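> File data_31.pdb follows (PDB, C-alpha atoms):
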ATOM      1  CA  MET A   1     -15.816   9.645  -5.765  1.00  0.00           C
ATOM      2  CA  MET A   2     -15.080   9.352  -2.042  1.00  0.00           C
ATOM      3  CA  LYS A   3     -17.650   6.564  -1.695  1.00  0.00           C
ATOM      4  CA  ARG A   4     -15.992   4.706  -4.583  1.00  0.00           C
ATOM      5  CA  MET A   5     -12.555   5.040  -2.966  1.00  0.00           C
ATOM      6  CA  LEU A   6     -13.878   3.779   0.371  1.00  0.00           C
ATOM      7  CA  VAL A   7     -15.451   0.763  -1.297  1.00  0.00           C
ATOM      8  CA  CYS A   8     -12.261   0.127  -3.271  1.00  0.00           C
ATOM      9  CA  GLY A   9     -10.210   0.343  -0.082  1.00  0.00           C
ATOM     10  CA  ALA A  10     -12.461  -2.156   1.651  1.00  0.00           C
ATOM     11  CA  VAL A  11     -12.332  -4.489  -1.337  1.00  0.00           C
ATOM     12  CA  ALA A  12      -8.536  -4.172  -1.485  1.00  0.00           C
ATOM     13  CA  ALA A  13      -8.173  -5.000   2.216  1.00  0.00           C
ATOM     14  CA  ALA A  14     -10.449  -8.017   1.788  1.00  0.00           C
ATOM     15  CA  ALA A  15      -8.454  -9.139  -1.259  1.00  0.00           C
ATOM     16  CA  VAL A  16      -5.184  -9.001   0.677  1.00  0.00           C
ATOM     17  CA  GLY A  17      -6.694 -11.078   3.453  1.00  0.00           C
ATOM     18  CA  LEU A  18      -8.111 -13.649   1.047  1.00  0.00           C
ATOM     19  CA  ALA A  19      -4.911 -13.864  -0.971  1.00  0.00           C
ATOM     20  CA  LEU A  20      -2.818 -14.396   2.131  1.00  0.00           C
ATOM     21  CA  ALA A  21      -5.280 -16.817   3.739  1.00  0.00           C
ATOM     22  CA  ALA A  22      -5.677 -18.894   0.591  1.00  0.00           C
ATOM     23  CA  GLY A  23      -2.006 -18.640  -0.342  1.00  0.00           C
ATOM     24  CA  SER A  24      -1.640 -16.982  -3.735  1.00  0.00           C
ATOM     25  CA  THR A  25       0.413 -18.689  -6.427  1.00  0.00           C
ATOM     26  CA  ALA A  26       3.254 -16.207  -5.947  1.00  0.00           C
ATOM     27  CA  GLY A  27       3.042 -16.640  -2.196  1.00  0.00           C
ATOM     28  CA  ARG A  28       3.194 -20.440  -2.442  1.00  0.00           C
ATOM     29  CA  ALA A  29       6.155 -20.210  -4.824  1.00  0.00           C
ATOM     30  CA  ALA A  30       7.972 -17.891  -2.427  1.00  0.00           C
ATOM     31  CA  ASP A  31       7.220 -20.181   0.522  1.00  0.00           C
ATOM     32  CA  GLU A  32       8.440 -23.229  -1.414  1.00  0.00           C
ATOM     33  CA  ALA A  33      11.697 -21.434  -2.155  1.00  0.00           C
ATOM     34  CA  GLY A  34      12.107 -20.618   1.535  1.00  0.00           C
ATOM     35  CA  ALA A  35      11.460 -16.898   1.009  1.00  0.00           C
ATOM     36  CA  LYS A  36       8.962 -14.854   2.988  1.00  0.00           C
ATOM     37  CA  MET A  37       6.565 -12.395   1.407  1.00  0.00           C
ATOM     38  CA  LEU A  38       6.979  -8.851   2.680  1.00  0.00           C
ATOM     39  CA  ALA A  39       3.973  -6.569   3.237  1.00  0.00           C
ATOM     40  CA  HIS A  40       4.909  -2.908   2.833  1.00  0.00           C
ATOM     41  CA  ASN A  41       2.188  -0.608   4.226  1.00  0.00           C
ATOM     42  CA  VAL A  42       2.647   3.158   4.073  1.00  0.00           C
ATOM     43  CA  TYR A  43       0.337   5.716   5.715  1.00  0.00           C
ATOM     44  CA  PHE A  44       0.497   9.359   4.622  1.00  0.00           C
ATOM     45  CA  SER A  45      -0.810  12.307   6.639  1.00  0.00           C
ATOM     46  CA  LEU A  46      -1.104  15.278   4.307  1.00  0.00           C
ATOM     47  CA  THR A  47      -0.590  18.981   4.869  1.00  0.00           C
ATOM     48  CA  ASP A  48      -3.399  19.665   2.392  1.00  0.00           C
ATOM     49  CA  ALA A  49      -5.818  16.847   3.184  1.00  0.00           C
ATOM     50  CA  SER A  50      -8.594  18.068   0.904  1.00  0.00           C
ATOM     51  CA  PRO A  51     -10.478  15.436  -1.104  1.00  0.00           C
ATOM     52  CA  ALA A  52      -8.717  16.661  -4.259  1.00  0.00           C
ATOM     53  CA  ALA A  53      -5.258  16.334  -2.677  1.00  0.00           C
ATOM     54  CA  ARG A  54      -6.066  12.859  -1.381  1.00  0.00           C
ATOM     55  CA  ALA A  55      -7.304  11.756  -4.809  1.00  0.00           C
ATOM     56  CA  LYS A  56      -4.194  13.218  -6.454  1.00  0.00           C
ATOM     57  CA  LEU A  57      -1.903  11.205  -4.152  1.00  0.00           C
ATOM     58  CA  VAL A  58      -3.876   7.988  -4.691  1.00  0.00           C
ATOM     59  CA  GLU A  59      -3.534   8.444  -8.458  1.00  0.00           C
ATOM     60  CA  ALA A  60       0.199   9.143  -8.081  1.00  0.00           C
ATOM     61  CA  CYS A  61       0.515   5.928  -6.055  1.00  0.00           C
ATOM     62  CA  ARG A  62      -1.208   3.948  -8.801  1.00  0.00           C
ATOM     63  CA  LYS A  63       0.961   5.539 -11.490  1.00  0.00           C
ATOM     64  CA  HIS A  64       4.349   5.188  -9.800  1.00  0.00           C
ATOM     65  CA  LEU A  65       4.069   2.409  -7.225  1.00  0.00           C
ATOM     66  CA  SER A  66       2.038  -0.345  -8.907  1.00  0.00           C
ATOM     67  CA  GLY A  67       3.339  -3.036 -11.221  1.00  0.00           C
ATOM     68  CA  HIS A  68       6.877  -3.298  -9.903  1.00  0.00           C
ATOM     69  CA  PRO A  69       8.692  -6.626 -10.387  1.00  0.00           C
ATOM     70  CA  GLY A  70       8.006  -9.038  -7.547  1.00  0.00           C
ATOM     71  CA  THR A  71       4.698  -7.428  -6.548  1.00  0.00           C
ATOM     72  CA  VAL A  72       2.084  -9.937  -5.379  1.00  0.00           C
ATOM     73  CA  PHE A  73      -0.566  -7.357  -4.434  1.00  0.00           C
ATOM     74  CA  PHE A  74      -0.997  -3.578  -4.732  1.00  0.00           C
ATOM     75  CA  ALA A  75      -3.689  -1.203  -3.470  1.00  0.00           C
ATOM     76  CA  ALA A  76      -3.902   2.489  -2.629  1.00  0.00           C
ATOM     77  CA  GLY A  77      -6.785   4.388  -1.089  1.00  0.00           C
ATOM     78  CA  THR A  78      -8.014   6.851   1.481  1.00  0.00           C
ATOM     79  CA  LEU A  79      -8.959   6.564   5.129  1.00  0.00           C
ATOM     80  CA  ALA A  80     -12.227   4.669   5.578  1.00  0.00           C
ATOM     81  CA  ALA A  81     -14.054   7.471   7.388  1.00  0.00           C
ATOM     82  CA  ASP A  82     -16.944   5.215   8.354  1.00  0.00           C
ATOM     83  CA  CYS A  83     -14.636   2.862  10.293  1.00  0.00           C
ATOM     84  CA  ASP A  84     -14.454   4.789  13.541  1.00  0.00           C
ATOM     85  CA  ARG A  85     -14.028   2.396  16.445  1.00  0.00           C
ATOM     86  CA  PRO A  86     -11.815   3.054  19.472  1.00  0.00           C
ATOM     87  CA  VAL A  87      -9.168   0.691  18.059  1.00  0.00           C
ATOM     88  CA  ASN A  88      -8.943   2.416  14.652  1.00  0.00           C
ATOM     89  CA  ASP A  89      -5.826   4.506  14.068  1.00  0.00           C
ATOM     90  CA  ARG A  90      -7.158   7.441  12.056  1.00  0.00           C
ATOM     91  CA  ASP A  91      -3.966   9.490  11.853  1.00  0.00           C
ATOM     92  CA  PHE A  92      -3.573   9.261   8.067  1.00  0.00           C
ATOM     93  CA  ASP A  93      -5.210  10.392   4.849  1.00  0.00           C
ATOM     94  CA  VAL A  94      -3.902   7.961   2.204  1.00  0.00           C
ATOM     95  CA  ALA A  95      -2.583   4.421   2.503  1.00  0.00           C
ATOM     96  CA  VAL A  96      -0.563   2.229   0.150  1.00  0.00           C
ATOM     97  CA  HIS A  97      -0.386  -1.547   0.532  1.00  0.00           C
ATOM     98  CA  VAL A  98       2.147  -3.564  -1.446  1.00  0.00           C
ATOM     99  CA  VAL A  99       2.951  -7.216  -0.868  1.00  0.00           C
ATOM    100  CA  PHE A 100       6.240  -8.337  -2.399  1.00  0.00           C
ATOM    101  CA  LYS A 101       7.204 -11.940  -3.105  1.00  0.00           C
ATOM    102  CA  ASP A 102      10.304 -11.472  -0.943  1.00  0.00           C
ATOM    103  CA  LYS A 103      12.605  -8.897   0.639  1.00  0.00           C
ATOM    104  CA  PRO A 104      14.898  -8.581  -2.409  1.00  0.00           C
ATOM    105  CA  ALA A 105      11.867  -7.511  -4.503  1.00  0.00           C
ATOM    106  CA  HIS A 106      11.036  -4.903  -1.825  1.00  0.00           C
ATOM    107  CA  ASP A 107      14.624  -3.681  -1.745  1.00  0.00           C
ATOM    108  CA  ALA A 108      14.719  -3.278  -5.547  1.00  0.00           C
ATOM    109  CA  TYR A 109      11.421  -1.347  -5.400  1.00  0.00           C
ATOM    110  CA  GLN A 110      12.917   1.099  -2.885  1.00  0.00           C
ATOM    111  CA  LYS A 111      15.623   2.061  -5.426  1.00  0.00           C
ATOM    112  CA  ALA A 112      13.414   1.961  -8.546  1.00  0.00           C
ATOM    113  CA  ASP A 113      13.204   5.130 -10.625  1.00  0.00           C
ATOM    114  CA  ARG A 114       9.373   5.241 -10.491  1.00  0.00           C
ATOM    115  CA  HIS A 115       9.413   4.958  -6.683  1.00  0.00           C
ATOM    116  CA  LEU A 116      11.992   7.723  -6.374  1.00  0.00           C
ATOM    117  CA  LYS A 117      10.007   9.899  -8.829  1.00  0.00           C
ATOM    118  CA  PHE A 118       6.889   9.370  -6.680  1.00  0.00           C
ATOM    119  CA  ILE A 119       8.740  10.661  -3.620  1.00  0.00           C
ATOM    120  CA  GLU A 120      10.187  13.632  -5.505  1.00  0.00           C
ATOM    121  CA  GLU A 121       6.822  14.695  -6.944  1.00  0.00           C
ATOM    122  CA  ASN A 122       4.701  14.221  -3.824  1.00  0.00           C
ATOM    123  CA  GLN A 123       6.700  14.685  -0.622  1.00  0.00           C
ATOM    124  CA  SER A 124       6.050  18.425  -0.421  1.00  0.00           C
ATOM    125  CA  ASN A 125       2.496  17.687   0.795  1.00  0.00           C
ATOM    126  CA  TRP A 126       3.465  15.023   3.345  1.00  0.00           C
ATOM    127  CA  LYS A 127       3.025  16.074   6.951  1.00  0.00           C
ATOM    128  CA  LYS A 128       3.901  12.624   8.291  1.00  0.00           C
ATOM    129  CA  VAL A 129       4.718   9.251   6.727  1.00  0.00           C
ATOM    130  CA  ARG A 130       4.609   5.972   8.615  1.00  0.00           C
ATOM    131  CA  VAL A 131       5.882   2.718   7.148  1.00  0.00           C
ATOM    132  CA  PHE A 132       4.980  -0.719   8.481  1.00  0.00           C
ATOM    133  CA  ASP A 133       6.862  -3.661   6.956  1.00  0.00           C
ATOM    134  CA  SER A 134       6.089  -7.231   7.992  1.00  0.00           C
ATOM    135  CA  TYR A 135       6.691 -10.742   6.767  1.00  0.00           C
ATOM    136  CA  VAL A 136       3.415 -12.426   5.831  1.00  0.00           C
ATOM    137  CA  GLY A 137       2.114 -15.755   4.615  1.00  0.00           C
ATOM    138  CA  GLN A 138       4.497 -17.755   6.758  1.00  0.00           C
TER     139      GLN A 138
END
Here is a file; write its structure as structure tokens.


Amino acid sequence: MMKRMLVCGAVAAAAVGLALAAGSTAGRAADEAGAKMLAHNVYFSLTDASPAARAKLVEACRKHLSGHPGTVFFAAGTLAADCDRPVNDRDFDVAVHVVFKDKPAHDAYQKADRHLKFIEENQSNWKKVRVFDSYVGQ
């Protein structure tokens, strides 16, 4: 299971890079309208970082955080344990990557019932949460 999640995480990261480099249809449409896509990356450090707890959070991410209006790309996965170079930040257990077509789509997602339910159901196991938002595909 862990091997599958690592492979999925690597594939997801590659897909984001390819989509942004090639300019996805949604990305081109946003650029043509003068909007900027917004990449929303969240890194969770867990109190219980067992494989079962990590898998449970990844599944909760998929259930509650995917498929929101304005989403260009979504992926959730665990730390790639085999990527251990001096430049790798390894202070997390689970990561979520969502690219929105624009900031208004991101802002609506922040208030969405499914997003708020995700927080309510899962925050008790969060030791630390870091959020990195950036404009991409410019």

> Using only C-alpha atoms, which of the listed residues (A:Leu65, A:Val96, A:Val136, A:Leu38) sits closest to Lys111 (chain A)?

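For Lys111 (chain A), the nearest of the candidates is A:Leu65.
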
> Expand the PyMOL selection byres ((chain A and resi 90) around 12) into the individual residues it matches in the shown file, reporting them as a ChimeraX atom specification.

/A:43-45,78-89,91-95

> Please measure the separation of CA of Val98 (chain A) and CA of Val42 (chain A), giving the value in Å to one decimal.

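CA of Val42 (chain A) lies at a distance of 8.7 Å from CA of Val98 (chain A).
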
> Using the chain letters and numbering of this document, enumerate as a ChimeraX atom specification the residues selected by the PyMOL selection byres ((chain A and resi 67) around 12).

/A:61-66,68-75,98-100,105,109,112,114-115

> Grab the CA of Phe132 (chain A) to CA of Ala55 (chain A) distance for me, in Å with one decimal place.

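Here the two named atoms are 22.0 Å from each other.
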
> Rank nothing, just name the residue among A:Trp126, A:Gln110, A:Glu121, A:Lys56 nearest to His40 (chain A), using all atoms listed in the file.

A:Gln110

> For each of A:Pro104, A:Asp48, A:Ala60, A:Ser134, take the minimum atom-to-atom distance to Glu120 (chain A), counting only C-alpha atoms, then give the residue where this is smallest.

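Checking each candidate against Glu120 (chain A), we get A:Ala60 as the closest.
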
> Enter the distance from CA of Gln123 (chain A) to CA of Met37 (chain A), in Å, rounded to one decimal.

27.2 Å

> Using all atoms listed in the file, pick whichever of A:Gly137, A:Ala76, A:Thr47, A:Asn41 has the shortest atom-to-atom distance to Asp102 (chain A).

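Of A:Gly137, A:Ala76, A:Thr47, A:Asn41, the one nearest Asp102 (chain A) is A:Gly137, counting all atoms listed in the file.
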
> Show me, as JSON, the centre and edge lengths in Å to one decimal of the axis-aligned box that covers every listed atom of region 44-57 of chain A with 5 Å on each side.


{"center_x": -5.0, "center_y": 14.5, "center_z": 0.1, "size_x": 21.0, "size_y": 20.3, "size_z": 23.1}

> Just write region 33-116 of chain A with C-alpha atoms, as a short mmCIF file (atom, residue, chain, number, x, y, z; two decimals), in the first residue's frame, taken from the block above.


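Here's the written file selection.cif:
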data_model
loop_
_atom_site.label_atom_id
_atom_site.label_comp_id
_atom_site.auth_asym_id
_atom_site.auth_seq_id
_atom_site.Cartn_x
_atom_site.Cartn_y
_atom_site.Cartn_z
CA ALA A 33 -9.31 35.82 -19.14
CA GLY A 34 -6.47 37.53 -17.28
CA ALA A 35 -6.83 35.29 -14.21
CA LYS A 36 -3.98 33.42 -12.57
CA MET A 37 -4.22 29.81 -11.47
CA LEU A 38 -3.62 29.32 -7.76
CA ALA A 39 -1.72 26.29 -6.44
CA HIS A 40 -2.81 25.39 -2.91
CA ASN A 41 -0.36 22.96 -1.26
CA VAL A 42 -1.00 21.76 2.28
CA TYR A 43 1.43 19.67 4.36
CA PHE A 44 0.16 17.85 7.45
CA SER A 45 2.35 16.58 10.29
CA LEU A 46 0.33 14.08 12.30
CA THR A 47 0.27 13.28 15.99
CA ASP A 48 -0.39 9.63 15.10
CA ALA A 49 1.76 9.20 12.00
CA SER A 50 1.22 5.46 11.67
CA PRO A 51 0.70 4.09 8.16
CA ALA A 52 -2.98 3.53 8.97
CA ALA A 53 -3.45 7.14 10.14
CA ARG A 54 -1.68 8.48 7.06
CA ALA A 55 -3.85 6.35 4.77
CA LYS A 56 -6.99 7.47 6.61
CA LEU A 57 -6.11 11.15 6.07
CA VAL A 58 -5.30 10.62 2.39
CA GLU A 59 -8.69 8.96 1.90
CA ALA A 60 -10.40 11.82 3.78
CA CYS A 61 -8.63 14.28 1.47
CA ARG A 62 -9.90 12.43 -1.60
CA LYS A 63 -13.43 12.27 -0.20
CA HIS A 64 -13.77 15.88 0.96
CA LEU A 65 -11.25 17.96 -0.98
CA SER A 66 -11.40 16.66 -4.57
CA GLY A 67 -13.85 17.69 -7.25
CA HIS A 68 -14.59 21.21 -6.07
CA PRO A 69 -15.73 23.74 -8.69
CA GLY A 70 -12.79 25.47 -10.35
CA THR A 71 -10.31 22.68 -9.61
CA VAL A 72 -7.76 22.14 -12.39
CA PHE A 73 -5.74 19.46 -10.58
CA PHE A 74 -6.03 17.47 -7.33
CA ALA A 75 -3.71 14.98 -5.64
CA ALA A 76 -3.15 13.74 -2.10
CA GLY A 77 -0.46 11.41 -0.83
CA THR A 78 2.19 10.65 1.74
CA LEU A 79 5.80 11.70 2.16
CA ALA A 80 8.04 10.07 -0.44
CA ALA A 81 10.34 8.35 2.05
CA ASP A 82 12.85 7.40 -0.63
CA CYS A 83 13.43 11.06 -1.57
CA ASP A 84 15.94 11.95 1.12
CA ARG A 85 18.34 14.58 -0.17
CA PRO A 86 19.68 17.47 1.91
CA VAL A 87 17.26 19.85 0.17
CA ASN A 88 14.13 17.77 0.91
CA ASP A 89 11.84 19.14 3.61
CA ARG A 90 10.64 15.99 5.36
CA ASP A 91 8.63 17.61 8.14
CA PHE A 92 5.24 16.26 7.05
CA ASP A 93 3.30 13.02 6.73
CA VAL A 94 0.55 13.80 4.19
CA ALA A 95 0.35 16.39 1.43
CA VAL A 96 -2.55 17.77 -0.59
CA HIS A 97 -2.05 19.59 -3.89
CA VAL A 98 -4.92 21.48 -5.49
CA VAL A 99 -4.60 23.84 -8.43
CA PHE A 100 -7.56 26.18 -8.87
CA LYS A 101 -8.41 28.05 -12.06
CA ASP A 102 -8.25 31.32 -10.12
CA LYS A 103 -8.32 32.85 -6.64
CA PRO A 104 -12.13 33.13 -6.47
CA ALA A 105 -12.37 29.34 -6.97
CA HIS A 106 -9.85 28.88 -4.12
CA ASP A 107 -11.77 31.28 -1.90
CA ALA A 108 -15.07 29.43 -2.51
CA TYR A 109 -13.33 26.12 -1.71
CA GLN A 110 -12.17 27.50 1.66
CA LYS A 111 -15.82 28.08 2.68
CA ALA A 112 -17.28 24.93 1.09
CA ASP A 113 -19.15 22.54 3.37
CA ARG A 114 -17.02 19.52 2.34
CA HIS A 115 -13.80 21.43 3.11
CA LEU A 116 -15.10 22.52 6.51
#
